[in-house]
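Please read the structure below before turning to the comments.
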Amino acid sequence: MSIDKRQWLDDYFRAQLKDYRTTPPPRVWNNIYSQLRRDKKIGYTLGGRLLAGLLAVFFLWLWWIDTSVIDPSTTIQPVDVPQENTPAIVEPHSLNPTVARTESKPQTLPTQITEAPQAPTKGQHPNSVKKETKLQDSSRSQLSTPPNRSSEFARSTTPMAKTATPSSTNTLLSDATAPPAAVDRSTAKATPFGRASTERNNADRFHRLPPFRHRPVQSITTAVPASLPIGGSDCMKLVYRPYHHRSLEISVGPFISDRLLYTLDSSWQDLIFKRNEAESQRRSWNASILYRWSVARDVYIKSGVQVHMLREQFRYQNGIDVKYIINSNGDTIKRIEKPHYDLFTNRYTFWDIPLYISYTWGIHRIFVDLNSGITFNFFSQQSGYLYDYEGKAKPMHALLENANSPFRRFAGLSLSLSLNLGYQFNPQFGAFVEPGVQYFLRPLSTEAYPIKQKYVFYRFNLGVRYTLFE
Amino acid sequence: MRRKSDISSILEGCLRGDAKCQKQLYELYCEEAFGICRRYARNDQEAEDMLQSAFVNIYRYLHKFEGRGSFSSWIRTIIVHNCLVYLKQHRHMYRNIEISDQHYATEPADSAFSHLEKEDLLKMVQQLPDGYREVFNLFAIEGYSHREIAAKLGIAESTSRSQLTKARRLLRNLIIKSKNLVL
C-alpha cells in the first residue's frame, strides 16, 4: 500500500467518524442515574459507619477515663457516719494532704487506728465494718513500709499541702474520727486524690447524675488499698461496686426506611429504576421492649425484643389506555390517552433482638443514654408483589415458593446507634425520646435474586422507663 | 450552540449533585460520546456499557476539571481513556481471531469507498481485533502519535506501528469484501 493510499484511508475514516454522533438508547441514562444514586447512598452509609465508629471509640475512651482515674471517692461508697462511741478510721480521701507531712511521725497513727470498732454499731451496715477492718490491716502494712514513699507523695502534693504545719496533723487525726462533713472543703480540693471530701464527692456525684437513679450502695465489696493514708497507685485497686439498677424500657414510634437497591447485573438496572420511580408512599413504625441492667458505673446493657413493620406502596405504569371519540361520520374528534397503573403494597416485618451497650449521663432529672450495639434479626416476613425479569408482577409468596426466593427469612445482623433523651418524673418512672439509626449489614435479598435490597432505618421513638429496683 | 455560561451553570449544578443538571450534561454530550464509544467497542452493547461507565466517571471526577481548556476536549479525553480501560479490563472475555488477509492483497480502487456509509465504516472498525482497533482509532481518528499511543497502551512504538499497518490492511480487505471485489 502506497503512502498516499494509507493517508487517504486514514483521512477518509477520520472525516467520516471523527465527529460521528449517534443517540444512545434511553436505558443508558437510567443506568447512569441508578449508579449515581447508589454511589451517593454508599457515600452516606460509609460516612454513617465512620461516624458511628468514631462515636463508639470516643465514648469508650470517655468511659475508660472515667473508670481509671485515681478517685477513691468514687470507688469507696459513703459509709454510715461513725457514732461518737465508735471511732472509725477516716477514709483516705477525707484526709487532708498535710497527712503526708506527718509520715515522718507514723507512730501516731496506729494508736488511733487500732481503736476502730470490731463490730457493727446500730444502723451501720456490717460490710462497712468489714471495710474498716481491712483498712485497719492495710494501714498497719502501710506503716511498716519504708518511708521513701513519702517523698513520692510529697512530689505529688500541692503547694497548699506543703504549707501545712506539723501541728495540724494532730488536729487532722482527731478530726478523722468526726464525720467527713467536718473537713474543710477548700483544703479538700487540694488532695492528690483529686477530691478529698466524701460529702463533697457525693454531692458532686448527685449533682452530676439523676437524683433518683443513683443511691449509695450499702454493701461494699472493695479491696482495700495498701497505701491508705498516703495514696499512690494502690488506690486504684479499689473495685467499684455497680449500682443494682434494673429497668424496663418500652418505646414506640415511626421510622424512615432508606432502601438501597443495587445490582451487579446491568440487565436488571431498568427494573431498579422503574421500581424507584414507582414508589409512591412508605409508612413504617416500630416498637420495642428492652430490659436494662447496669454492668459498671454509668454503663448498662440493654436487650429485649424489637419489631419493625414497613409498608411500601408502588404505582407502576403498566400501559396507556387510548380512547377515541368518533363522530357520526366516523371521524376521530379526539384522542384521549390515559396511563394505566398497577398499584401494589409490599409489607415487611422484622423481628429483632437488640443487644446494646449504653452509657448514661445525668443532670438533675434529665438523663441521656447513648446506646450502640448490634441487632440480630431472628425472623422477617414479606408480602406483596415484585416484578420478575420479564417485567411481570408476581406475588412475593409465589416467588418465595420456588428456589429463587427473593428475600431471606433472616435479615442477619445490623448495627444500631441511638440516643435516649429523657426526664425522670420520680424514682420509678421516666420518659424519653429516642432518635436512632439501624444499618443492616447485608441485603435482605437472597443470593439468587439479582436485585439487592438493603435497608437503613432512621427511627424516632417515644418511650417510658420503669425502674424495677435499685 | 450552547453558551459557555450555560455549560458553566450546568457544571456547577453537577458538582452540587443536582440530578437535573447531570441529565442536562448527559443530553448535551451523550451523542458525541456514544459515537466515540461505538468506535472503540466490539458491539453496541459494549458501547453502552462504556458510555455508562464514562459518564459515571465524568460526574465523579468533574471537580478535577480546572476550566483551562475546552470542556468538550476534556470530556472527549475522559471518554477515550475510559474506553481503553474498559477494553483492557474486559479483554479476557473475548478471543481475538486473527483475520486472514491473504486473499485480498490487491489494493482497492478509490471508488470502492464511495458506497460506504458511516455506519458501514463503523461496523468495519468494530470488526478489528482489540489492539488494531485501539491503535487505529488513536492514530487515524484521534490524531495521537505513535509515541503517545505507546505510552497510553503500554506497548512499544514499533508494536503500535505494526498494529496500525495490520489494521489498515484489514480495513482495506473489509472494504473490498463489502464491495464484493474479489480479485
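Going through the C-alpha cells in order, the chains are called A, B, and so on, while each chain numbers its residues from 1 and the ligands are numbered from 1 in the order shown.
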### Task
Pick out the chain A residues within 8 Å of chain B. Count only C-alpha atoms. Give them as a PyMOL selection string.
chain A and resi 1+6+9-11+13-14+16-24+28-29+31-33+35-36
Write the selection just made, keeping N, CA, C and O atoms, as a compact mmCIF listing (two decimals), in the first residue's frame?
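Saved result, part-v6.txt, follows:
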# COMPACT_ATOMS: atom_id res chain seq x y z
N MET A 1 0.85 -1.19 0.00
CA MET A 1 0.00 0.00 0.00
C MET A 1 0.89 1.24 0.00
O MET A 1 1.80 1.35 0.80
N ARG A 6 -2.43 5.04 2.07
CA ARG A 6 -2.62 4.93 3.52
C ARG A 6 -3.17 6.23 4.09
O ARG A 6 -4.07 6.23 4.91
N LEU A 9 -6.78 6.53 3.27
CA LEU A 9 -7.63 5.66 4.10
C LEU A 9 -7.86 6.31 5.48
O LEU A 9 -8.99 6.38 5.97
N ASP A 10 -6.77 6.79 6.06
CA ASP A 10 -6.87 7.43 7.38
C ASP A 10 -7.75 8.67 7.32
O ASP A 10 -8.62 8.87 8.17
N ASP A 11 -7.49 9.47 6.29
CA ASP A 11 -8.26 10.70 6.15
C ASP A 11 -9.75 10.40 5.96
O ASP A 11 -10.61 11.10 6.52
N PHE A 13 -11.48 7.77 6.93
CA PHE A 13 -12.10 7.31 8.18
C PHE A 13 -12.23 8.46 9.18
O PHE A 13 -13.23 8.55 9.89
N ARG A 14 -11.20 9.31 9.21
CA ARG A 14 -11.26 10.44 10.14
C ARG A 14 -12.40 11.39 9.78
O ARG A 14 -13.16 11.81 10.65
N GLN A 16 -15.06 10.73 8.23
CA GLN A 16 -16.38 10.13 8.42
C GLN A 16 -16.71 9.90 9.91
O GLN A 16 -17.86 10.04 10.31
N LEU A 17 -15.71 9.54 10.68
CA LEU A 17 -16.01 9.07 12.04
C LEU A 17 -15.58 10.01 13.17
O LEU A 17 -15.98 9.79 14.31
N LYS A 18 -14.76 11.00 12.86
CA LYS A 18 -14.26 11.86 13.94
C LYS A 18 -15.42 12.52 14.71
O LYS A 18 -15.44 12.53 15.95
N ASP A 19 -16.34 13.07 13.98
CA ASP A 19 -17.47 13.74 14.63
C ASP A 19 -18.76 12.94 14.49
O ASP A 19 -19.85 13.51 14.43
N TYR A 20 -18.56 11.66 14.43
CA TYR A 20 -19.73 10.80 14.30
C TYR A 20 -20.56 10.85 15.59
O TYR A 20 -20.03 10.72 16.69
N ARG A 21 -21.84 11.07 15.42
CA ARG A 21 -22.74 11.15 16.58
C ARG A 21 -23.91 10.21 16.38
O ARG A 21 -24.41 10.09 15.25
N THR A 22 -24.29 9.62 17.46
CA THR A 22 -25.47 8.76 17.40
C THR A 22 -26.14 8.76 18.78
O THR A 22 -25.46 8.88 19.81
N THR A 23 -27.42 8.65 18.76
CA THR A 23 -28.18 8.74 20.02
C THR A 23 -28.15 7.41 20.76
O THR A 23 -28.53 6.37 20.18
N PRO A 24 -27.72 7.43 22.01
CA PRO A 24 -27.76 6.17 22.77
C PRO A 24 -29.18 5.84 23.23
O PRO A 24 -30.03 6.73 23.32
N VAL A 28 -29.52 3.81 28.92
CA VAL A 28 -28.17 4.14 29.40
C VAL A 28 -28.24 5.21 30.49
O VAL A 28 -27.59 5.09 31.53
N TRP A 29 -29.07 6.22 30.24
CA TRP A 29 -29.21 7.26 31.27
C TRP A 29 -29.82 6.69 32.55
O TRP A 29 -29.40 7.04 33.66
N ASN A 31 -29.47 3.75 33.69
CA ASN A 31 -28.41 3.03 34.40
C ASN A 31 -27.45 3.99 35.09
O ASN A 31 -27.04 3.76 36.23
N ILE A 32 -27.11 5.07 34.38
CA ILE A 32 -26.19 6.05 34.97
C ILE A 32 -26.82 6.67 36.22
O ILE A 32 -26.19 6.81 37.26
N TYR A 33 -28.08 7.01 36.08
CA TYR A 33 -28.79 7.65 37.20
C TYR A 33 -28.83 6.71 38.42
O TYR A 33 -28.57 7.13 39.55
N GLN A 35 -26.80 4.32 39.10
CA GLN A 35 -25.45 4.15 39.67
C GLN A 35 -25.04 5.38 40.48
O GLN A 35 -24.44 5.24 41.56
N LEU A 36 -25.39 6.56 39.98
CA LEU A 36 -25.05 7.78 40.72
C LEU A 36 -25.78 7.81 42.06
O LEU A 36 -25.22 8.20 43.08
